[in-house]
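Enquirer: Here you go, this is coords35.json (JSON, C-alpha atoms).
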[["chain", "number", "residue", "atom", "x", "y", "z"],
["A", 1, "MET", "CA", 110.03, 107.02, 99.70],
["A", 2, "PRO", "CA", 113.55, 105.70, 99.18],
["A", 3, "THR", "CA", 115.35, 107.23, 96.24],
["A", 4, "GLU", "CA", 118.01, 104.53, 95.83],
["A", 5, "ILE", "CA", 118.28, 100.76, 95.82],
["A", 6, "LEU", "CA", 121.75, 99.31, 96.43],
["A", 7, "GLY", "CA", 123.30, 102.65, 95.47],
["A", 8, "LEU", "CA", 121.38, 102.93, 92.20],
["A", 9, "PRO", "CA", 118.67, 105.53, 91.62],
["A", 10, "LEU", "CA", 115.22, 103.98, 92.05],
["A", 11, "HIS", "CA", 113.64, 105.78, 89.08],
["A", 12, "PRO", "CA", 115.44, 103.98, 86.22],
["A", 13, "LEU", "CA", 114.61, 100.67, 87.87],
["A", 14, "ALA", "CA", 110.99, 101.55, 88.67],
["A", 15, "VAL", "CA", 110.00, 102.85, 85.23],
["A", 16, "HIS", "CA", 110.11, 99.42, 83.63],
["A", 17, "ILE", "CA", 107.12, 98.14, 85.59],
["A", 18, "PRO", "CA", 104.61, 100.76, 84.32],
["A", 19, "VAL", "CA", 106.01, 100.42, 80.80],
["A", 20, "VAL", "CA", 104.74, 96.82, 80.86],
["A", 21, "LEU", "CA", 101.67, 97.17, 83.10],
["A", 22, "VAL", "CA", 100.06, 100.32, 81.68],
["A", 23, "PRO", "CA", 99.45, 99.00, 78.13],
["A", 24, "LEU", "CA", 98.32, 95.64, 79.52],
["A", 25, "PHE", "CA", 95.98, 97.34, 81.99],
["A", 26, "ALA", "CA", 94.62, 99.78, 79.41],
["A", 27, "LEU", "CA", 93.90, 97.08, 76.83],
["A", 28, "LEU", "CA", 92.29, 94.79, 79.40],
["A", 29, "ALA", "CA", 90.16, 97.68, 80.70],
["A", 30, "ILE", "CA", 88.88, 98.35, 77.18],
["A", 31, "VAL", "CA", 88.16, 94.66, 76.50],
["A", 32, "PHE", "CA", 86.50, 94.14, 79.89],
["A", 33, "SER", "CA", 84.29, 97.19, 79.56],
["A", 34, "CYS", "CA", 83.31, 96.63, 75.91],
["A", 35, "VAL", "CA", 83.02, 92.83, 75.65],
["A", 36, "PRO", "CA", 80.69, 91.52, 78.39],
["A", 37, "ARG", "CA", 81.20, 87.82, 77.60],
["A", 38, "VAL", "CA", 84.89, 87.92, 78.66],
["A", 39, "ARG", "CA", 84.17, 89.56, 82.01],
["A", 40, "LYS", "CA", 83.92, 86.41, 84.10],
["A", 41, "HIS", "CA", 87.26, 85.19, 82.75],
["A", 42, "CYS", "CA", 89.37, 88.26, 83.39],
["A", 43, "ALA", "CA", 87.75, 90.13, 86.29],
["A", 44, "TRP", "CA", 90.37, 88.99, 88.79],
["A", 45, "LEU", "CA", 93.22, 90.10, 86.50],
["A", 46, "LEU", "CA", 91.63, 93.51, 85.95],
["A", 47, "CYS", "CA", 91.20, 93.91, 89.70],
["A", 48, "ILE", "CA", 94.90, 93.15, 90.30],
["A", 49, "LEU", "CA", 96.02, 95.50, 87.52],
["A", 50, "ALA", "CA", 93.64, 98.25, 88.72],
["A", 51, "VAL", "CA", 95.55, 98.29, 92.00],
["A", 52, "MET", "CA", 99.11, 97.46, 90.90],
["A", 53, "THR", "CA", 99.39, 99.71, 87.84],
["A", 54, "PRO", "CA", 98.61, 103.01, 89.61],
["A", 55, "LEU", "CA", 101.03, 102.02, 92.38],
["A", 56, "ALA", "CA", 103.75, 101.27, 89.83],
["A", 57, "ALA", "CA", 103.11, 104.52, 87.94],
["A", 58, "ALA", "CA", 103.13, 106.52, 91.19],
["A", 59, "THR", "CA", 106.39, 104.87, 92.29],
["A", 60, "ALA", "CA", 108.02, 105.71, 88.96],
["A", 61, "ALA", "CA", 106.73, 109.30, 88.92],
["A", 62, "LEU", "CA", 107.51, 110.07, 92.54],
["A", 63, "SER", "CA", 110.97, 108.49, 92.40],
["A", 64, "GLY", "CA", 111.74, 110.66, 89.38],
["A", 65, "ASP", "CA", 111.25, 113.94, 91.23],
["A", 66, "PRO", "CA", 114.34, 113.65, 93.48],
["A", 67, "LEU", "CA", 116.41, 112.44, 90.53],
["A", 68, "ALA", "CA", 115.25, 115.41, 88.43],
["A", 69, "LEU", "CA", 116.13, 117.84, 91.23],
["A", 70, "GLN", "CA", 119.56, 116.25, 91.56],
["A", 71, "LEU", "CA", 120.21, 116.46, 87.82],
["A", 72, "LEU", "CA", 118.93, 120.03, 87.58],
["A", 73, "GLY", "CA", 121.19, 121.04, 90.47],
["A", 74, "GLU", "CA", 124.22, 119.62, 88.66],
["A", 75, "LEU", "CA", 123.58, 121.56, 85.44],
["A", 76, "ALA", "CA", 125.51, 124.73, 84.75],
["A", 77, "GLU", "CA", 123.21, 127.73, 84.35],
["A", 78, "GLY", "CA", 122.86, 129.54, 81.04],
["A", 79, "THR", "CA", 124.44, 126.99, 78.74],
["A", 80, "GLU", "CA", 122.53, 125.70, 75.74],
["A", 81, "ILE", "CA", 122.94, 122.09, 76.84],
["A", 82, "ALA", "CA", 121.58, 122.92, 80.30],
["A", 83, "ASP", "CA", 118.52, 124.63, 78.82],
["A", 84, "GLU", "CA", 117.81, 121.68, 76.50],
["A", 85, "THR", "CA", 118.24, 119.21, 79.35],
["A", 86, "LYS", "CA", 115.95, 121.21, 81.64],
["A", 87, "SER", "CA", 113.33, 121.29, 78.92],
["A", 88, "ALA", "CA", 113.67, 117.53, 78.34],
["A", 89, "ILE", "CA", 113.43, 116.77, 82.06],
["A", 90, "SER", "CA", 110.38, 119.01, 82.36],
["A", 91, "THR", "CA", 108.66, 117.32, 79.41],
["A", 92, "HIS", "CA", 109.44, 113.86, 80.77],
["A", 93, "ALA", "CA", 108.22, 114.79, 84.27],
["A", 94, "THR", "CA", 105.00, 116.24, 82.84],
["A", 95, "TYR", "CA", 104.22, 113.04, 80.94],
["A", 96, "GLY", "CA", 105.08, 110.95, 84.00],
["A", 97, "GLY", "CA", 102.89, 113.02, 86.33],
["A", 98, "LEU", "CA", 99.96, 112.94, 83.93],
["A", 99, "LEU", "CA", 100.40, 109.19, 83.52],
["A", 100, "MET", "CA", 100.33, 108.70, 87.29],
["A", 101, "TRP", "CA", 97.04, 110.58, 87.70],
["A", 102, "THR", "CA", 95.52, 108.97, 84.60],
["A", 103, "THR", "CA", 96.28, 105.46, 85.86],
["A", 104, "ILE", "CA", 94.95, 106.30, 89.32],
["A", 105, "LEU", "CA", 91.67, 107.53, 87.82],
["A", 106, "LEU", "CA", 91.51, 104.57, 85.43],
["A", 107, "GLY", "CA", 92.13, 102.18, 88.32],
["A", 108, "ILE", "CA", 89.30, 103.72, 90.34],
["A", 109, "LEU", "CA", 86.91, 103.56, 87.37],
["A", 110, "CYS", "CA", 87.81, 99.92, 86.69],
["A", 111, "LEU", "CA", 87.17, 99.02, 90.33],
["A", 112, "VAL", "CA", 83.79, 100.79, 90.09],
["A", 113, "LEU", "CA", 83.00, 98.84, 86.91],
["A", 114, "LEU", "CA", 84.00, 95.59, 88.58],
["A", 115, "PHE", "CA", 81.65, 96.44, 91.45],
["A", 116, "LEU", "CA", 78.79, 97.24, 89.08],
["A", 117, "VAL", "CA", 79.30, 94.04, 87.08],
["A", 118, "ARG", "CA", 79.47, 91.97, 90.26],
["A", 119, "ARG", "CA", 76.33, 93.65, 91.61],
["A", 120, "GLU", "CA", 74.49, 92.90, 88.35],
["A", 121, "ARG", "CA", 75.63, 89.28, 88.40],
["A", 122, "VAL", "CA", 74.40, 88.86, 91.98],
["A", 123, "ALA", "CA", 71.07, 90.53, 91.11],
["A", 124, "LEU", "CA", 70.61, 88.28, 88.06],
["A", 125, "THR", "CA", 71.33, 85.20, 90.14],
["A", 126, "ALA", "CA", 68.82, 86.28, 92.79],
["A", 127, "THR", "CA", 66.21, 87.08, 90.11],
["A", 128, "LYS", "CA", 66.79, 83.73, 88.41],
["A", 129, "ASP", "CA", 66.42, 81.88, 91.73],
["A", 130, "ASP", "CA", 63.21, 83.79, 92.50],
["A", 131, "ASN", "CA", 61.81, 83.06, 89.04],
["A", 132, "ASP", "CA", 62.74, 79.38, 89.28],
["A", 133, "ASN", "CA", 60.78, 79.17, 92.51],
["A", 134, "ASN", "CA", 57.77, 80.99, 91.03],
["A", 135, "ASP", "CA", 57.97, 79.43, 87.56],
["A", 136, "GLU", "CA", 57.96, 82.90, 85.98],
["A", 137, "ASN", "CA", 60.22, 84.41, 83.36],
["A", 138, "PRO", "CA", 62.07, 87.61, 84.08],
["A", 139, "THR", "CA", 60.20, 90.51, 82.53],
["A", 140, "GLY", "CA", 62.97, 93.07, 82.08],
["A", 141, "LYS", "CA", 66.65, 93.46, 81.42],
["A", 142, "PRO", "CA", 68.87, 94.59, 84.27],
["A", 143, "ARG", "CA", 69.82, 98.22, 84.24],
["A", 144, "ARG", "CA", 73.28, 98.77, 82.83],
["A", 145, "ILE", "CA", 73.34, 102.54, 82.74],
["A", 146, "GLY", "CA", 76.12, 102.73, 85.35],
["A", 147, "GLN", "CA", 78.29, 100.32, 83.38],
["A", 148, "ILE", "CA", 77.76, 102.28, 80.18],
["A", 149, "VAL", "CA", 78.62, 105.58, 81.84],
["A", 150, "VAL", "CA", 81.80, 104.17, 83.39],
["A", 151, "THR", "CA", 82.77, 102.56, 80.07],
["A", 152, "VAL", "CA", 82.40, 105.92, 78.31],
["A", 153, "PHE", "CA", 85.19, 107.20, 80.55],
["A", 154, "ILE", "CA", 87.33, 104.04, 80.66],
["A", 155, "VAL", "CA", 87.90, 103.77, 76.92],
["A", 156, "PRO", "CA", 89.36, 107.27, 76.31],
["A", 157, "LEU", "CA", 91.30, 107.16, 79.60],
["A", 158, "SER", "CA", 92.85, 103.87, 78.51],
["A", 159, "ALA", "CA", 93.87, 105.40, 75.19],
["A", 160, "LEU", "CA", 95.29, 108.42, 77.03],
["A", 161, "ALA", "CA", 97.25, 106.15, 79.38],
["A", 162, "MET", "CA", 98.83, 104.33, 76.42],
["A", 163, "PHE", "CA", 99.67, 107.66, 74.77],
["A", 164, "LEU", "CA", 101.24, 108.99, 77.98],
["A", 165, "VAL", "CA", 103.27, 105.86, 78.77],
["A", 166, "TYR", "CA", 104.67, 105.91, 75.25],
["A", 167, "ASN", "CA", 105.60, 109.59, 75.43],
["A", 168, "ALA", "CA", 107.00, 109.37, 78.96],
["A", 169, "GLY", "CA", 109.11, 106.37, 77.97],
["A", 170, "HIS", "CA", 110.22, 107.91, 74.70],
["A", 171, "SER", "CA", 111.20, 111.24, 76.25],
["A", 172, "GLY", "CA", 113.10, 109.43, 79.03],
["A", 173, "ALA", "CA", 114.89, 107.19, 76.54],
["A", 174, "GLU", "CA", 115.86, 110.21, 74.43],
["A", 175, "MET", "CA", 117.44, 111.86, 77.48],
["A", 176, "VAL", "CA", 119.38, 108.76, 78.42],
["A", 177, "TRP", "CA", 120.34, 107.46, 75.00],
["A", 178, "GLY", "CA", 120.35, 110.75, 73.05],
["A", 179, "ALA", "CA", 118.33, 109.45, 70.12]]
Rewrite the coordinates I just gave you, this time as structure tokens.

Expert:
Amino acid sequence: MPTEILGLPLHPLAVHIPVVLVPLFALLAIVFSCVPRVRKHCAWLLCILAVMTPLAAATAALSGDPLALQLLGELAEGTEIADETKSAISTHATYGGLLMWTTILLGILCLVLLFLVRRERVALTATKDDNDNNDENPTGKPRRIGQIVVTVFIVPLSALAMFLVYNAGHSGAEMVWGA
């Protein structure tokens, strides 16, 4: 992975994409999983975000590792400022790494949910067509256990992703701007 773009470190440029995409992805994942009537309107957007957001988070996290190593190598050992900076870099890297893995898992779960919803929609259409031909009413509701189980994991993971993106961004901003 390249570490620079036009002589600038990639990490400060790359972090802005997950800062926007992660909250959008997390909120859409919650709405999609909890409000079935909006699913047909936003499935394509959730699919795009389920792929793009983990890629953006991984790019930001993985581009930060070489920058952190460079900064840590430049610090003088044993000084109080160096110890504080090392601690801040470590905290920021931890949040970024956790965010990367959280968004990857959330992306996979959202793709599974999209598959389950699509499968149910196809099954309902086939059942409706069969019943129209036989002039019978459907006797049972489709099974949604898989969707419920996936939703049980999507909602807290989405909240965790928003927590982590906030803390990763805040800890990075504190290092840069010294708030």

Enquirer: When you count all atoms listed in the file, which of these residues is closest to Pro18 (chain A): A:Leu71, A:Glu120, A:Ala168, A:Ala93?

Expert: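 Looking at the shortest contact to Pro18 (chain A), the residue is A:Ala168.
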
Enquirer: How many Å lie between CA of Val149 (chain A) and CA of Leu113 (chain A), rounded to one decimal?

Expert: 9.5 Å

Enquirer: Please check which residues have atoms at most 12 Å from (112.0, 113.5, 80.6) in the file's coordinates, counting all atoms listed in the file, and write them as a ChimeraX atom specification.

Expert: /A:11-12,15,61,64-65,67-68,71-72,84-97,164-178

Enquirer: Would you write out those residues with C-alpha atoms, as an mmCIF file, keeping the file's coordinate frame?

Expert:
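The resulting file, again30.cif, is shown below:
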data_model
loop_
_atom_site.group_PDB
_atom_site.id
_atom_site.type_symbol
_atom_site.label_atom_id
_atom_site.label_comp_id
_atom_site.auth_asym_id
_atom_site.auth_seq_id
_atom_site.Cartn_x
_atom_site.Cartn_y
_atom_site.Cartn_z
ATOM 1 C CA HIS A 11 113.640 105.780 89.080
ATOM 2 C CA PRO A 12 115.440 103.980 86.220
ATOM 3 C CA VAL A 15 110.000 102.850 85.230
ATOM 4 C CA ALA A 61 106.730 109.300 88.920
ATOM 5 C CA GLY A 64 111.740 110.660 89.380
ATOM 6 C CA ASP A 65 111.250 113.940 91.230
ATOM 7 C CA LEU A 67 116.410 112.440 90.530
ATOM 8 C CA ALA A 68 115.250 115.410 88.430
ATOM 9 C CA LEU A 71 120.210 116.460 87.820
ATOM 10 C CA LEU A 72 118.930 120.030 87.580
ATOM 11 C CA GLU A 84 117.810 121.680 76.500
ATOM 12 C CA THR A 85 118.240 119.210 79.350
ATOM 13 C CA LYS A 86 115.950 121.210 81.640
ATOM 14 C CA SER A 87 113.330 121.290 78.920
ATOM 15 C CA ALA A 88 113.670 117.530 78.340
ATOM 16 C CA ILE A 89 113.430 116.770 82.060
ATOM 17 C CA SER A 90 110.380 119.010 82.360
ATOM 18 C CA THR A 91 108.660 117.320 79.410
ATOM 19 C CA HIS A 92 109.440 113.860 80.770
ATOM 20 C CA ALA A 93 108.220 114.790 84.270
ATOM 21 C CA THR A 94 105.000 116.240 82.840
ATOM 22 C CA TYR A 95 104.220 113.040 80.940
ATOM 23 C CA GLY A 96 105.080 110.950 84.000
ATOM 24 C CA GLY A 97 102.890 113.020 86.330
ATOM 25 C CA LEU A 164 101.240 108.990 77.980
ATOM 26 C CA VAL A 165 103.270 105.860 78.770
ATOM 27 C CA TYR A 166 104.670 105.910 75.250
ATOM 28 C CA ASN A 167 105.600 109.590 75.430
ATOM 29 C CA ALA A 168 107.000 109.370 78.960
ATOM 30 C CA GLY A 169 109.110 106.370 77.970
ATOM 31 C CA HIS A 170 110.220 107.910 74.700
ATOM 32 C CA SER A 171 111.200 111.240 76.250
ATOM 33 C CA GLY A 172 113.100 109.430 79.030
ATOM 34 C CA ALA A 173 114.890 107.190 76.540
ATOM 35 C CA GLU A 174 115.860 110.210 74.430
ATOM 36 C CA MET A 175 117.440 111.860 77.480
ATOM 37 C CA VAL A 176 119.380 108.760 78.420
ATOM 38 C CA TRP A 177 120.340 107.460 75.000
ATOM 39 C CA GLY A 178 120.350 110.750 73.050
#

Enquirer: Considering all atoms listed in the file, can you say which of A:Ile108, A:Leu114, A:Leu6, A:Met100 comes closest to Lys40 (chain A)?

Expert: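 For Lys40 (chain A), the nearest of the given residues is A:Leu114.
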
Enquirer: From the list A:Ala126, A:Ala29, A:Leu55, A:Leu98, which residue is nearest Val155 (chain A) when using only C-alpha atoms?

Expert: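 That would be A:Ala29, the residue with the smallest distance to Val155 (chain A).
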
Enquirer: Name the closest residue to Val38 (chain A) among the candidates A:Val117, A:Leu69, A:Leu109, A:Met52; distances are taken between atoms, counting only C-alpha atoms.

Expert: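 Among the listed residues, the smallest separation from Val38 (chain A) belongs to A:Val117.
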
Enquirer: Would you pick out the contacts of region 41-51 of chain A at 12 Å or less, using only C-alpha atoms, so that residues sharing its chain but fewer than 6 positions from it are not included, and give the list as number ranges by chain?

Expert: A: 17-18, 20-33, 35, 57-58, 102-118, 154, 158

Enquirer: Only C-alpha atoms, as an mmCIF file, in the first residue's frame: that is what I want for region 56-103 of chain A.

Expert:
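Produced file part.cif, reproduced below:
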data_model
loop_
_atom_site.group_PDB
_atom_site.id
_atom_site.type_symbol
_atom_site.label_atom_id
_atom_site.label_comp_id
_atom_site.auth_asym_id
_atom_site.auth_seq_id
_atom_site.Cartn_x
_atom_site.Cartn_y
_atom_site.Cartn_z
ATOM 1 C CA ALA A 56 -12.146 3.141 3.540
ATOM 2 C CA ALA A 57 -11.640 2.224 7.204
ATOM 3 C CA ALA A 58 -8.980 -0.346 6.292
ATOM 4 C CA THR A 59 -7.165 2.177 4.078
ATOM 5 C CA ALA A 60 -7.158 4.737 6.892
ATOM 6 C CA ALA A 61 -6.034 2.231 9.536
ATOM 7 C CA LEU A 62 -3.366 0.552 7.432
ATOM 8 C CA SER A 63 -1.968 3.845 6.131
ATOM 9 C CA GLY A 64 -1.641 5.033 9.727
ATOM 10 C CA ASP A 65 0.746 2.250 10.743
ATOM 11 C CA PRO A 66 3.736 3.456 8.673
ATOM 12 C CA LEU A 67 3.083 7.040 9.753
ATOM 13 C CA ALA A 68 2.974 5.978 13.411
ATOM 14 C CA LEU A 69 6.254 4.073 13.042
ATOM 15 C CA GLN A 70 7.850 7.097 11.403
ATOM 16 C CA LEU A 71 6.647 9.437 14.155
ATOM 17 C CA LEU A 72 7.683 7.050 16.927
ATOM 18 C CA GLY A 73 11.139 6.740 15.382
ATOM 19 C CA GLU A 74 11.556 10.510 15.416
ATOM 20 C CA LEU A 75 10.699 10.872 19.119
ATOM 21 C CA ALA A 76 13.470 11.229 21.651
ATOM 22 C CA GLU A 77 13.403 8.442 24.223
ATOM 23 C CA GLY A 78 12.630 9.115 27.871
ATOM 24 C CA THR A 79 11.192 12.600 27.590
ATOM 25 C CA GLU A 80 7.761 13.351 28.994
ATOM 26 C CA ILE A 81 6.519 14.670 25.651
ATOM 27 C CA ALA A 82 7.686 11.505 23.896
ATOM 28 C CA ASP A 83 5.878 9.294 26.401
ATOM 29 C CA GLU A 84 2.641 11.301 26.055
ATOM 30 C CA THR A 85 2.879 11.213 22.266
ATOM 31 C CA LYS A 86 3.528 7.464 22.233
ATOM 32 C CA SER A 87 0.505 6.945 24.443
ATOM 33 C CA ALA A 88 -1.647 9.161 22.207
ATOM 34 C CA ILE A 89 -0.490 7.373 19.050
ATOM 35 C CA SER A 90 -1.164 4.006 20.665
ATOM 36 C CA THR A 91 -4.670 5.047 21.729
ATOM 37 C CA HIS A 92 -5.450 6.438 18.283
ATOM 38 C CA ALA A 93 -4.114 3.306 16.547
ATOM 39 C CA THR A 94 -6.159 1.068 18.848
ATOM 40 C CA TYR A 95 -9.382 2.914 18.034
ATOM 41 C CA GLY A 96 -8.537 2.867 14.327
ATOM 42 C CA GLY A 97 -7.768 -0.856 14.304
ATOM 43 C CA LEU A 98 -10.937 -1.704 16.211
ATOM 44 C CA LEU A 99 -12.936 0.496 13.839
ATOM 45 C CA MET A 100 -11.484 -1.309 10.829
ATOM 46 C CA TRP A 101 -12.475 -4.750 12.136
ATOM 47 C CA THR A 102 -15.873 -3.522 13.341
ATOM 48 C CA THR A 103 -16.742 -2.073 9.933
#
